[in-house]
file final-v6.tsv (TSV, C-alpha atoms and all ligand atoms)
chain	number	residue	atom	x	y	z
F	7	MET	CA	134.02	30.44	114.53
F	8	LYS	CA	132.68	33.80	115.70
F	9	ILE	CA	133.62	37.43	115.19
F	10	SER	CA	134.57	38.66	118.65
F	11	ALA	CA	136.07	42.10	117.94
F	12	ILE	CA	136.02	44.73	115.23
F	13	GLU	CA	138.46	47.61	114.98
F	14	LEU	CA	138.45	50.45	112.48
F	15	TYR	CA	141.29	52.79	111.59
F	16	HIS	CA	141.50	55.94	109.54
F	17	VAL	CA	144.70	55.59	107.53
F	18	SER	CA	146.16	58.56	105.73
F	19	VAL	CA	149.53	58.24	104.03
F	20	PRO	CA	150.93	61.59	102.92
F	21	LEU	CA	152.25	61.51	99.36
F	22	LYS	CA	155.64	63.06	98.74
F	23	HIS	CA	154.32	64.72	95.57
F	24	THR	CA	150.77	65.76	94.80
F	25	PHE	CA	148.81	63.34	92.61
F	26	TRP	CA	146.22	64.59	90.11
F	27	PRO	CA	143.72	61.79	89.46
F	28	THR	CA	141.92	62.06	86.13
F	29	TRP	CA	138.80	60.63	87.78
F	30	ILE	CA	138.48	63.76	89.94
F	31	PRO	CA	139.59	66.42	87.42
F	32	GLY	CA	141.34	69.34	89.07
F	33	TYR	CA	141.56	67.71	92.50
F	34	PRO	CA	145.02	67.70	94.08
F	35	GLN	CA	145.37	64.45	95.99
F	36	THR	CA	147.93	64.83	98.75
F	37	HIS	CA	147.21	61.63	100.72
F	38	ASN	CA	146.46	57.99	100.15
F	39	GLY	CA	143.47	57.54	102.42
F	40	PHE	CA	141.53	54.45	103.43
F	41	THR	CA	139.61	52.86	106.25
F	42	LEU	CA	141.24	49.74	107.63
F	43	ILE	CA	139.13	47.07	109.27
F	44	LYS	CA	140.56	44.46	111.59
F	45	ILE	CA	138.23	41.61	112.47
F	46	THR	CA	139.27	39.24	115.25
F	47	THR	CA	137.68	35.86	115.85
F	48	ASP	CA	137.06	34.02	119.10
F	49	ASP	CA	140.04	31.78	118.33
F	50	GLY	CA	142.34	34.74	117.77
F	51	ILE	CA	142.58	34.92	113.97
F	52	GLU	CA	142.84	38.43	112.55
F	53	GLY	CA	141.47	39.41	109.15
F	54	TYR	CA	142.06	42.74	107.44
F	55	SER	CA	140.64	44.71	104.58
F	56	ALA	CA	140.61	48.32	103.41
F	57	GLY	CA	138.11	50.64	101.83
F	58	ALA	CA	139.26	53.70	99.88
F	59	ALA	CA	138.39	56.97	101.65
F	60	LEU	CA	138.87	60.66	101.07
F	61	GLY	CA	138.88	61.56	104.74
F	62	VAL	CA	137.11	60.42	107.89
F	63	GLU	CA	133.74	59.85	106.26
F	64	ARG	CA	133.36	56.43	107.89
F	65	GLN	CA	133.64	57.87	111.41
F	66	GLY	CA	130.22	56.50	112.41
F	67	LEU	CA	130.35	53.20	110.55
F	68	GLY	CA	131.46	51.08	113.51
F	69	ASP	CA	128.37	51.99	115.42
F	70	LEU	CA	126.31	50.52	112.63
F	71	ILE	CA	128.22	47.38	111.65
F	72	GLY	CA	129.12	46.33	115.20
F	73	GLY	CA	125.57	45.22	115.87
F	74	TYR	CA	125.45	43.31	112.62
F	75	LEU	CA	128.80	41.55	112.66
F	76	ILE	CA	129.73	40.82	116.27
F	77	GLY	CA	128.95	37.15	116.91
F	78	ALA	CA	128.57	36.31	113.20
F	79	ASP	CA	130.49	33.42	111.64
F	80	PRO	CA	133.18	34.95	109.37
F	81	THR	CA	133.50	31.70	107.40
F	82	ASP	CA	129.82	31.84	106.41
F	83	ILE	CA	130.38	34.18	103.48
F	84	GLU	CA	126.79	34.02	102.32
F	85	GLY	CA	125.69	35.10	105.80
F	86	ILE	CA	128.31	37.88	105.93
F	87	GLN	CA	127.29	39.11	102.46
F	88	SER	CA	123.69	39.24	103.60
F	89	LEU	CA	124.51	41.12	106.82
F	90	LEU	CA	126.66	43.66	104.94
F	91	LYS	CA	123.86	44.19	102.46
F	92	GLN	CA	121.41	44.76	105.31
F	93	ALA	CA	123.84	47.20	106.97
F	94	GLY	CA	123.93	49.08	103.67
F	95	PHE	CA	120.23	49.65	103.17
F	96	LEU	CA	120.48	53.10	104.70
F	97	GLY	CA	123.26	54.20	102.41
F	98	TRP	CA	126.60	52.63	103.31
F	99	ARG	CA	128.42	50.56	100.74
F	100	ASN	CA	130.16	47.89	102.76
F	101	PHE	CA	131.47	45.43	100.21
F	102	TRP	CA	135.09	46.26	101.11
F	103	ILE	CA	134.62	44.63	104.51
F	104	GLU	CA	133.88	41.15	103.15
F	105	PRO	CA	137.47	40.34	102.03
F	106	ALA	CA	138.58	40.55	105.70
F	107	CYS	CA	136.49	37.41	106.27
F	108	TRP	CA	138.27	35.65	103.40
F	109	ASP	CA	141.54	36.69	105.04
F	110	ILE	CA	140.33	34.86	108.17
F	111	ILE	CA	139.24	31.79	106.17
F	112	GLY	CA	142.62	31.62	104.42
F	113	LYS	CA	144.55	32.00	107.66
F	114	SER	CA	142.42	29.38	109.42
F	115	LEU	CA	143.09	26.87	106.60
F	116	GLY	CA	146.74	27.91	106.18
F	117	LYS	CA	146.17	28.69	102.47
F	118	PRO	CA	146.21	31.79	100.28
F	119	VAL	CA	142.71	32.93	99.37
F	120	TYR	CA	143.25	32.44	95.63
F	121	GLU	CA	143.98	28.77	96.27
F	122	ILE	CA	140.72	28.35	98.20
F	123	LEU	CA	138.99	29.97	95.21
F	124	GLY	CA	140.43	27.37	92.84
F	125	GLY	CA	143.49	29.24	91.63
F	126	ASN	CA	147.16	28.43	91.62
F	127	ALA	CA	150.42	30.20	92.41
F	128	ARG	CA	151.76	31.55	89.14
F	129	PRO	CA	153.67	34.61	88.01
F	130	ILE	CA	151.40	37.13	86.30
F	131	PRO	CA	152.27	40.07	84.08
F	132	VAL	CA	151.24	43.56	85.16
F	133	TYR	CA	150.53	46.61	83.06
F	134	CYS	CA	151.47	50.12	84.03
F	135	SER	CA	148.23	51.90	84.89
F	136	THR	CA	148.81	55.65	84.75
F	137	GLY	CA	146.51	57.96	86.68
F	138	GLU	CA	147.09	61.47	85.36
F	139	MET	CA	146.73	63.33	82.09
F	140	HIS	CA	150.12	64.43	80.80
F	141	GLU	CA	151.08	66.03	77.52
F	142	PRO	CA	151.51	63.20	75.02
F	143	GLU	CA	155.20	63.99	74.45
F	144	GLN	CA	155.88	63.73	78.17
F	145	ARG	CA	153.81	60.55	78.40
F	146	VAL	CA	155.83	58.94	75.63
F	147	ASP	CA	159.08	59.68	77.48
F	148	GLU	CA	157.64	58.24	80.69
F	149	LEU	CA	156.36	55.09	79.01
F	150	LEU	CA	159.60	54.54	77.13
F	151	ALA	CA	161.29	54.53	80.53
F	152	MET	CA	158.68	52.00	81.74
F	153	LYS	CA	159.37	49.86	78.69
F	154	GLU	CA	163.04	49.85	79.67
F	155	ARG	CA	161.93	48.55	83.06
F	156	GLY	CA	160.15	45.58	81.50
F	157	PHE	CA	156.57	46.84	81.06
F	158	LYS	CA	154.98	45.64	77.85
F	159	GLU	CA	151.65	47.37	78.28
F	160	ALA	CA	150.22	50.56	79.79
F	161	LYS	CA	146.91	52.28	80.26
F	162	LEU	CA	146.45	55.91	79.30
F	163	ARG	CA	143.84	58.36	80.56
F	164	VAL	CA	141.92	60.81	78.45
F	165	LYS	CA	139.96	63.62	80.03
F	166	ASN	CA	140.03	66.56	77.65
F	167	ILE	CA	137.10	68.84	77.10
F	168	GLU	CA	137.21	68.19	73.38
F	169	LEU	CA	137.26	64.88	71.58
F	170	LYS	CA	139.95	66.02	69.15
F	171	ASP	CA	142.43	66.46	72.01
F	172	ASP	CA	141.67	62.97	73.33
F	173	ILE	CA	142.32	61.59	69.86
F	174	ARG	CA	145.50	63.63	69.46
F	175	HIS	CA	146.71	62.13	72.74
F	176	ILE	CA	146.35	58.49	71.75
F	177	GLU	CA	147.71	59.13	68.24
F	178	ALA	CA	150.83	60.83	69.57
F	179	VAL	CA	151.46	58.20	72.23
F	180	ARG	CA	150.97	55.33	69.78
F	181	LYS	CA	153.34	56.98	67.34
F	182	GLY	CA	155.94	57.62	70.04
F	183	MET	CA	155.75	54.11	71.46
F	184	GLY	CA	155.82	52.20	68.18
F	185	ASP	CA	153.84	49.06	67.44
F	186	ASP	CA	155.32	46.64	69.95
F	187	PHE	CA	153.89	48.16	73.11
F	188	GLY	CA	150.37	47.41	74.34
F	189	LEU	CA	148.11	50.39	75.07
F	190	GLY	CA	144.71	50.60	76.69
F	191	VAL	CA	142.85	53.80	77.45
F	192	ASP	CA	140.56	54.75	80.30
F	193	ALA	CA	137.99	57.48	79.71
F	194	ASN	CA	136.83	57.39	83.34
F	195	GLN	CA	133.26	58.18	82.35
F	196	GLY	CA	131.74	55.41	84.47
F	197	TRP	CA	131.28	57.40	87.65
F	198	LEU	CA	131.93	61.06	86.97
F	199	VAL	CA	133.05	63.23	89.85
F	200	THR	CA	132.97	66.97	89.20
F	201	ILE	CA	133.78	68.52	92.56
F	202	VAL	CA	136.45	70.76	91.00
F	203	ASP	CA	136.59	70.91	87.19
F	204	LYS	CA	133.46	70.34	85.16
F	205	ILE	CA	134.52	68.08	82.31
F	206	PRO	CA	131.55	67.24	80.08
F	207	ALA	CA	130.23	63.69	80.13
F	208	TRP	CA	130.62	61.67	76.95
F	209	ASP	CA	127.60	60.61	74.94
F	210	LEU	CA	127.34	57.57	72.69
F	211	LYS	CA	128.29	59.57	69.59
F	212	ARG	CA	131.55	60.78	71.12
F	213	ALA	CA	132.33	57.30	72.43
F	214	ILE	CA	131.83	55.80	68.97
F	215	GLU	CA	134.07	58.44	67.36
F	216	PHE	CA	136.73	57.82	69.96
F	217	ALA	CA	136.47	54.05	69.48
F	218	LYS	CA	137.12	54.53	65.76
F	219	ALA	CA	140.30	56.48	66.52
F	220	CYS	CA	141.36	53.82	69.02
F	221	HIS	CA	140.85	51.13	66.41
F	222	ALA	CA	143.04	53.06	63.97
F	223	ASN	CA	145.76	53.34	66.62
F	224	ASP	CA	145.78	49.74	67.78
F	225	ILE	CA	144.46	50.47	71.27
F	226	GLY	CA	143.74	47.24	73.16
F	227	TRP	CA	140.70	48.34	75.09
F	228	ILE	CA	138.60	51.38	76.02
F	229	GLU	CA	137.62	51.51	79.65
F	230	GLU	CA	134.46	53.17	80.98
F	231	PRO	CA	133.55	55.20	77.92
F	232	LEU	CA	130.03	55.88	79.24
F	233	ASP	CA	128.18	56.02	82.53
F	234	SER	CA	128.52	52.69	84.33
F	235	ARG	CA	124.76	52.31	84.60
F	236	ASP	CA	124.06	53.22	80.99
F	237	TYR	CA	123.69	49.55	80.10
F	238	ASP	CA	122.05	50.19	76.72
F	239	GLY	CA	124.64	52.80	75.73
F	240	ASN	CA	127.57	50.56	76.62
F	241	ALA	CA	125.97	47.64	74.77
F	242	ALA	CA	125.34	49.79	71.69
F	243	LEU	CA	128.96	50.95	71.70
F	244	LYS	CA	130.31	47.41	72.11
F	245	ALA	CA	128.17	46.28	69.19
F	246	VAL	CA	129.86	48.68	66.76
F	247	SER	CA	133.32	49.11	68.28
F	248	GLY	CA	136.37	47.55	66.68
F	249	VAL	CA	138.12	47.84	70.04
F	250	LYS	CA	137.29	45.92	73.22
F	251	ILE	CA	135.07	47.83	75.66
F	252	SER	CA	135.46	47.38	79.41
F	253	GLY	CA	133.99	48.50	82.69
F	254	ALA	CA	132.09	47.55	85.87
F	255	GLU	CA	134.83	48.53	88.33
F	256	LEU	CA	132.51	50.27	90.80
F	257	ASN	CA	129.13	48.80	89.94
F	258	TYR	CA	126.94	47.58	92.73
F	259	GLY	CA	128.03	43.95	92.67
F	260	TRP	CA	126.39	41.10	90.82
F	261	ASP	CA	122.94	42.74	91.04
F	262	GLU	CA	124.10	45.29	88.46
F	263	ILE	CA	126.74	43.30	86.63
F	264	LYS	CA	124.34	40.49	85.73
F	265	ILE	CA	122.34	43.09	83.76
F	266	MET	CA	125.54	43.93	81.88
F	267	PHE	CA	125.90	40.30	80.85
F	268	GLU	CA	122.25	40.15	79.79
F	269	LYS	CA	122.69	43.28	77.69
F	270	ASP	CA	126.23	42.33	76.59
F	271	CYS	CA	127.80	45.61	77.67
F	272	PHE	CA	131.46	44.66	77.75
F	273	ASP	CA	134.26	42.53	76.34
F	274	ILE	CA	136.21	42.87	79.59
F	275	TYR	CA	134.69	42.97	83.07
F	276	GLN	CA	136.69	44.78	85.71
F	277	PRO	CA	134.88	44.61	89.06
F	278	ASP	CA	136.91	45.64	92.08
F	279	ALA	CA	135.96	43.37	94.99
F	280	THR	CA	136.33	46.26	97.43
F	281	PHE	CA	133.60	48.21	95.63
F	282	ALA	CA	131.66	45.78	93.48
F	283	GLY	CA	130.30	43.09	95.74
F	284	GLY	CA	133.21	41.64	97.69
F	285	ILE	CA	135.14	38.54	96.67
F	286	ALA	CA	132.08	36.27	96.52
F	287	GLN	CA	130.24	38.43	93.98
F	288	VAL	CA	133.36	38.99	91.88
F	289	MET	CA	133.70	35.19	91.72
F	290	LYS	CA	130.25	35.17	90.12
F	291	VAL	CA	131.51	37.66	87.54
F	292	ILE	CA	134.55	35.48	86.83
F	293	GLU	CA	132.25	32.48	86.31
F	294	ALA	CA	130.01	34.51	84.00
F	295	CYS	CA	133.09	35.62	82.03
F	296	ARG	CA	134.12	31.99	81.56
F	297	ALA	CA	130.61	30.95	80.53
F	298	ASN	CA	130.15	33.86	78.10
F	299	LYS	CA	133.71	34.00	76.76
F	300	ARG	CA	134.41	37.44	78.17
F	301	ASP	CA	137.61	38.61	79.83
F	302	PHE	CA	138.07	39.37	83.51
F	303	SER	CA	140.60	41.96	84.64
F	304	PRO	CA	140.04	43.47	88.07
F	305	HIS	CA	140.29	47.18	88.83
F	306	THR	CA	142.98	47.60	91.50
F	307	TRP	CA	143.46	51.35	91.80
F	308	THR	CA	142.84	51.84	95.51
F	309	ASN	CA	145.77	50.98	97.79
F	310	GLY	CA	148.13	48.07	98.41
F	311	ILE	CA	145.53	46.04	100.30
F	312	GLY	CA	143.01	46.55	97.49
F	313	PHE	CA	145.70	45.48	95.04
F	314	TYR	CA	146.28	42.25	96.95
F	315	ILE	CA	142.54	41.54	96.84
F	316	GLY	CA	142.45	42.04	93.04
F	317	TRP	CA	145.63	39.99	92.71
F	318	ASN	CA	143.92	37.11	94.56
F	319	MET	CA	140.99	37.34	92.13
F	320	MET	CA	143.34	37.24	89.15
F	321	LEU	CA	145.25	34.25	90.58
F	322	SER	CA	141.97	32.48	91.31
F	323	ASP	CA	141.15	32.58	87.60
F	324	LYS	CA	143.59	29.92	86.37
F	325	GLU	CA	143.18	30.35	82.63
F	326	ASN	CA	143.24	34.15	82.73
F	327	ASN	CA	146.11	35.40	80.59
F	328	ARG	CA	145.46	39.13	80.77
F	329	SER	CA	147.87	41.36	82.62
F	330	LEU	CA	146.87	42.84	85.96
F	331	GLU	CA	146.44	46.56	86.54
F	332	TYR	CA	149.47	47.95	88.40
F	333	PRO	CA	148.73	51.54	89.49
F	334	LEU	CA	151.82	53.66	88.98
F	335	GLU	CA	152.24	57.38	88.34
F	336	GLU	CA	155.67	58.63	89.23
F	337	PRO	CA	156.66	60.57	91.21
F	338	SER	CA	153.41	60.79	93.22
F	339	TRP	CA	151.62	57.43	93.11
F	340	VAL	CA	154.46	55.03	93.81
F	341	PRO	CA	154.63	51.72	95.72
F	342	GLU	CA	155.85	53.15	99.04
F	343	PHE	CA	152.86	55.49	99.42
F	344	ARG	CA	150.39	53.37	97.47
F	345	GLU	CA	150.94	50.45	99.87
F	346	GLY	CA	151.35	52.68	102.92
F	347	ILE	CA	151.12	50.15	105.74
F	348	ILE	CA	152.25	46.98	103.97
F	349	GLU	CA	155.43	46.07	102.13
F	350	PRO	CA	155.66	47.62	98.64
F	351	ILE	CA	154.60	45.32	95.80
F	352	ILE	CA	157.29	45.38	93.12
F	353	PRO	CA	157.20	43.48	89.82
F	354	ASP	CA	160.40	41.89	88.53
F	355	LYS	CA	162.44	43.22	85.62
F	356	ASN	CA	160.04	41.64	83.13
F	357	ALA	CA	157.04	43.32	84.80
F	358	MET	CA	155.94	39.99	86.25
F	359	LEU	CA	154.62	39.61	89.77
F	360	GLN	CA	155.82	36.48	91.48
F	361	PRO	CA	152.98	34.90	93.47
F	362	PHE	CA	152.74	35.16	97.22
F	363	THR	CA	152.11	32.02	99.23
F	364	ARG	CA	151.30	33.53	102.61
F	365	PRO	CA	147.93	32.30	103.99
F	366	GLY	CA	144.93	34.62	103.71
F	367	LEU	CA	144.87	37.60	101.38
F	368	GLY	CA	148.66	37.59	101.43
F	369	PHE	CA	149.75	40.89	102.95
F	370	GLU	CA	151.01	41.61	106.42
F	371	ILE	CA	150.25	44.86	108.21
F	372	ASP	CA	153.40	46.69	109.28
F	373	ARG	CA	152.43	47.72	112.80
F	374	LYS	CA	155.00	50.46	112.93
F	375	LEU	CA	153.63	52.04	109.75
F	376	LEU	CA	150.05	51.59	110.97
F	377	ARG	CA	150.97	53.49	114.13
F	378	LYS	CA	152.55	56.19	112.01
F	379	TYR	CA	149.76	56.66	109.45
F	380	GLY	CA	146.72	55.16	111.14
F	381	LYS	CA	144.42	56.20	113.92
F	382	ARG	CA	142.09	53.71	115.52
F	383	PHE	CA	138.71	55.35	115.86
F	384	PHE	CA	136.52	52.45	116.78
F	385	LYS	CA	136.66	49.19	118.65
F	386	ILE	CA	133.84	46.92	119.64
F	387	THR	CA	133.85	43.56	121.39
F	388	GLU	CA	130.99	41.34	122.47
F	389	THR	CA	131.16	42.79	125.97
F	390	ARG	CA	131.22	46.38	124.75
F	391	LEU	CA	128.26	45.69	122.45
F	392	LYS	CA	126.30	44.15	125.33
F	393	LEU	CA	126.99	47.14	127.58
F	394	LYS	CA	125.98	49.51	124.81
F	395	VAL	CA	122.67	47.74	124.28
F	396	ILE	CA	121.97	47.65	128.02
F	397	ARG	CA	122.73	51.37	128.27
F	398	GLN	CA	120.52	52.26	125.32
F	399	LYS	CA	117.62	49.81	125.69
F	400	GLY	CA	117.66	48.83	129.34
F	401	LEU	CA	118.60	45.49	130.88
F	402	LYS	CA	115.30	43.72	130.30
F	403	ALA	CA	115.14	44.61	126.61
F	404	ALA	CA	118.82	43.68	126.20
F	405	LEU	CA	118.26	40.22	127.69
F	406	ASP	CA	115.19	39.81	125.53
F	407	LEU	CA	117.13	40.71	122.38
F	408	LYS	CA	119.88	38.25	123.29
F	409	LYS	CA	117.34	35.46	123.74
F	410	ARG	CA	115.66	36.19	120.41
F	411	LYS	CA	118.96	36.33	118.53
F	412	GLU	CA	120.15	33.06	120.04
F	413	SER	CA	116.90	31.26	119.25
F	414	ARG	CA	117.08	32.05	115.51
Y	1	MG	MG	139.26	52.49	85.30

call {"tool": "encode", "arguments": {"input": "final-v6.tsv", "output": "structure tokens", "more": "lines below"}}
Ligand SMILES: [Mg+2]
result
Amino acid sequence: MKISAIELYHVSVPLKHTFWPTWIPGYPQTHNGFTLIKITTDDGIEGYSAGAALGVERQGLGDLIGGYLIGADPTDIEGIQSLLKQAGFLGWRNFWIEPACWDIIGKSLGKPVYEILGGNARPIPVYCSTGEMHEPEQRVDELLAMKERGFKEAKLRVKNIELKDDIRHIEAVRKGMGDDFGLGVDANQGWLVTIVDKIPAWDLKRAIEFAKACHANDIGWIEEPLDSRDYDGNAALKAVSGVKISGAELNYGWDEIKIMFEKDCFDIYQPDATFAGGIAQVMKVIEACRANKRDFSPHTWTNGIGFYIGWNMMLSDKENNRSLEYPLEEPSWVPEFREGIIEPIIPDKNAMLQPFTRPGLGFEIDRKLLRKYGKRFFKITETRLKLKVIRQKGLKAALDLKKRKESR
């Protein structure tokens, strides 16, 4: 099988209400933006994936990856991983493209990707992953409403300037929710973005103090309490914390995450395949979790397509009994706008997601919605690539290149 065409779309879904992500303090998010890739094979199979985007920053990406991926075998994941790595040496992070090849593999075999990865169709619980900082009293009201809707667990965010306010937040929410509701908390210190507000970065001392307060308030886990590449700091915190420590959502694939296992940074590993190495490298993390008795729980806060990819990873891990992150912050970050160009993903009244059985990654692009929110900005085929090379390098050099590539 060969990749015969690549198309790229800027997708921008306007939110009905502005969303204020704690990971970019002070930034009003008005759109759900991502780059959509559509890869078509010579036998007509289409694979899709999406990479989170703020705007049109990937405008020139097609020019680069076209030359790498056209003609490649999408079922040779090792080869694809290698080509994407090579295409990233000059600065692009291309891991999000790899799942599109798994989509093709699944569709060609008529099986969901999680099944190919050794998983099975089973209902899985989801937790309500909030995305904003609200006053604790307001948060309690919101989570009580979620509890009514079947959620048994939620994740809070803390992003105050002072530690005492972060502690006040978790204390008040725990008190308001009672003991029979699971709570995790995300400090979002792993990859600080300070383009608007300058919130100070945590140090180990603050993280340890916060962990003590979390322990006293029966918090299930603390996510990204320190910089995601501060391996020694995370390991030192884990060693003394009474609460599980988690992270690795955006780390640079297995190359970085294997160091975390060596240093024993986390109790829970949360790589997102669209950022942290694609599906193949996240599978390595899942295997390492099994071997080292650590938990796996993928980050899914991107968009509906990213959620499906994380969902596949969770389903592939048969024995995993954690709940899956379900991004939800009403009224702004809600299924309709989070999914954008695919059907909204809705848990049942017990906050369980019933498994999908559609071949591939499991979602179907709604062409009408793609037309509405998406704009195709790049398309390359074998013929177009050939013409481009001839135009740039001349006919003789183009024929020469072709010969050399084919003789590999
Ligand atoms: Mg997180």

call {"tool": "residues_around", "arguments": {"input": "final-v6.tsv", "residues": "stretch 25-40 of chain F", "least_positions_apart": "4", "cutoff": "8 Å", "atoms": "only C-alpha atoms", "output": "number ranges by chain"}}
result
F: 16-21, 56-61, 137-139, 163-165, 194, 198-205, 309, 338-339, 343-344, 346

call {"tool": "write_last_selection", "arguments": {"input": "final-v6.tsv", "atoms": "C-alpha atoms", "output": "CSV table (one decimal), keeping the file's coordinate frame"}}
result
chain,number,residue,atom,x,y,z
F,16,HIS,CA,141.5,55.9,109.5
F,17,VAL,CA,144.7,55.6,107.5
F,18,SER,CA,146.2,58.6,105.7
F,19,VAL,CA,149.5,58.2,104.0
F,20,PRO,CA,150.9,61.6,102.9
F,21,LEU,CA,152.2,61.5,99.4
F,56,ALA,CA,140.6,48.3,103.4
F,57,GLY,CA,138.1,50.6,101.8
F,58,ALA,CA,139.3,53.7,99.9
F,59,ALA,CA,138.4,57.0,101.6
F,60,LEU,CA,138.9,60.7,101.1
F,61,GLY,CA,138.9,61.6,104.7
F,137,GLY,CA,146.5,58.0,86.7
F,138,GLU,CA,147.1,61.5,85.4
F,139,MET,CA,146.7,63.3,82.1
F,163,ARG,CA,143.8,58.4,80.6
F,164,VAL,CA,141.9,60.8,78.4
F,165,LYS,CA,140.0,63.6,80.0
F,194,ASN,CA,136.8,57.4,83.3
F,198,LEU,CA,131.9,61.1,87.0
F,199,VAL,CA,133.0,63.2,89.8
F,200,THR,CA,133.0,67.0,89.2
F,201,ILE,CA,133.8,68.5,92.6
F,202,VAL,CA,136.4,70.8,91.0
F,203,ASP,CA,136.6,70.9,87.2
F,204,LYS,CA,133.5,70.3,85.2
F,205,ILE,CA,134.5,68.1,82.3
F,309,ASN,CA,145.8,51.0,97.8
F,338,SER,CA,153.4,60.8,93.2
F,339,TRP,CA,151.6,57.4,93.1
F,343,PHE,CA,152.9,55.5,99.4
F,344,ARG,CA,150.4,53.4,97.5
F,346,GLY,CA,151.4,52.7,102.9

call {"tool": "residues_near_ligand", "arguments": {"input": "final-v6.tsv", "ligand": "ligand MG 1 (chain Y)", "cutoff": "7 Å", "atoms": "only C-alpha atoms and all ligand atoms", "output": "MDAnalysis selection string"}}
result
chainID F and resid 192 194 229:230 255 305

call {"tool": "closest_residue", "arguments": {"input": "final-v6.tsv", "among": "F:Arg99, F:Gln276, F:Lys181, F:Ile110", "to": "F:Gly50", "atoms": "all atoms listed in the file"}}
result
F:Ile110

call {"tool": "closest_residue", "arguments": {"input": "final-v6.tsv", "among": "F:Tyr275, F:Phe157, F:Phe369, F:Tyr54", "to": "F:Glu349", "atoms": "all atoms listed in the file"}}
result
F:Phe369

call {"tool": "atom_distance", "arguments": {"input": "final-v6.tsv", "atom1": "atom CA of F:Leu115", "atom2": "atom CA of F:Pro304"}}
result
25.1 Å

call {"tool": "closest_residue", "arguments": {"input": "final-v6.tsv", "among": "F:Ile265, F:Glu159, F:Ile347, F:Lys290", "to": "F:Gly380", "atoms": "only C-alpha atoms"}}
result
F:Ile347

call {"tool": "residues_around", "arguments": {"input": "final-v6.tsv", "residues": "F:Gln195", "least_positions_apart": "3", "cutoff": "7 Å", "atoms": "all atoms listed in the file", "output": "JSON, numbers by chain"}}
result
{"F": [198, 207, 208, 230, 231, 232, 233]}

call {"tool": "residues_near_point", "arguments": {"input": "final-v6.tsv", "point": "(160.0, 57.4, 90.6)", "cutoff": "12 Å", "atoms": "all atoms listed in the file", "output": "number ranges by chain"}}
result
F: 22-23, 148, 151-152, 155, 334-343

call {"tool": "atom_distance", "arguments": {"input": "final-v6.tsv", "atom1": "atom CA of F:Asp79", "atom2": "atom CA of F:Ile9"}}
result
6.2 Å

call {"tool": "closest_residue", "arguments": {"input": "final-v6.tsv", "among": "F:Asp273, F:Asp278, F:Glu52, F:Glu63", "to": "F:Gly259", "atoms": "only C-alpha atoms"}}
result
F:Asp278

call {"tool": "residues_near_point", "arguments": {"input": "final-v6.tsv", "point": "(142.2, 64.7, 72.7)", "cutoff": "12 Å", "atoms": "all atoms listed in the file", "output": "list in words"}}
result
Met139, His140, Glu141, Pro142, Leu162, Arg163, Val164, Lys165, Asn166, Ile167, Glu168, Leu169, Lys170, Asp171, Asp172, Ile173, Arg174, His175, Ile176, Glu177, Ala178, Val179, Val191, Ala193, Arg212, Glu215, Phe216, Ala219 and Cys220 of chain F

call {"tool": "closest_residue", "arguments": {"input": "final-v6.tsv", "among": "F:Tyr74, F:Trp197, F:Phe101, F:Phe95", "to": "F:Ala286", "atoms": "all atoms listed in the file"}}
result
F:Phe101

call {"tool": "atom_distance", "arguments": {"input": "final-v6.tsv", "atom1": "atom CA of F:Leu376", "atom2": "atom CA of F:Trp102"}}
result
18.7 Å

call {"tool": "residues_around", "arguments": {"input": "final-v6.tsv", "residues": "F:Gly284", "least_positions_apart": "3", "cutoff": "7 Å", "atoms": "all atoms listed in the file", "output": "ChimeraX atom specification"}}
result
/F:101-102,104-105,279-281,287-288

call {"tool": "residues_around", "arguments": {"input": "final-v6.tsv", "residues": "F:Thr46", "least_positions_apart": "3", "cutoff": "10 Å", "atoms": "only C-alpha atoms", "output": "list of chain:residue names"}}
result
F:Lys8, F:Ile9, F:Ser10, F:Ala11, F:Ile12, F:Glu13, F:Ile43, F:Asp49, F:Gly50, F:Ile51, F:Glu52, F:Gly53, F:Tyr54, F:Ile76, F:Pro80, F:Ala106, F:Cys107, F:Ile110, F:Thr387

call {"tool": "write_last_selection", "arguments": {"input": "final-v6.tsv", "atoms": "C-alpha atoms", "output": "PDB file, keeping the file's coordinate frame"}}
result
ATOM      1  CA  LYS F   8     132.680  33.800 115.700  1.00  0.00           C
ATOM      2  CA  ILE F   9     133.620  37.430 115.190  1.00  0.00           C
ATOM      3  CA  SER F  10     134.570  38.660 118.650  1.00  0.00           C
ATOM      4  CA  ALA F  11     136.070  42.100 117.940  1.00  0.00           C
ATOM      5  CA  ILE F  12     136.020  44.730 115.230  1.00  0.00           C
ATOM      6  CA  GLU F  13     138.460  47.610 114.980  1.00  0.00           C
ATOM      7  CA  ILE F  43     139.130  47.070 109.270  1.00  0.00           C
ATOM      8  CA  ASP F  49     140.040  31.780 118.330  1.00  0.00           C
ATOM      9  CA  GLY F  50     142.340  34.740 117.770  1.00  0.00           C
ATOM     10  CA  ILE F  51     142.580  34.920 113.970  1.00  0.00           C
ATOM     11  CA  GLU F  52     142.840  38.430 112.550  1.00  0.00           C
ATOM     12  CA  GLY F  53     141.470  39.410 109.150  1.00  0.00           C
ATOM     13  CA  TYR F  54     142.060  42.740 107.440  1.00  0.00           C
ATOM     14  CA  ILE F  76     129.730  40.820 116.270  1.00  0.00           C
ATOM     15  CA  PRO F  80     133.180  34.950 109.370  1.00  0.00           C
ATOM     16  CA  ALA F 106     138.580  40.550 105.700  1.00  0.00           C
ATOM     17  CA  CYS F 107     136.490  37.410 106.270  1.00  0.00           C
ATOM     18  CA  ILE F 110     140.330  34.860 108.170  1.00  0.00           C
ATOM     19  CA  THR F 387     133.850  43.560 121.390  1.00  0.00           C
TER      20      THR F 387
END
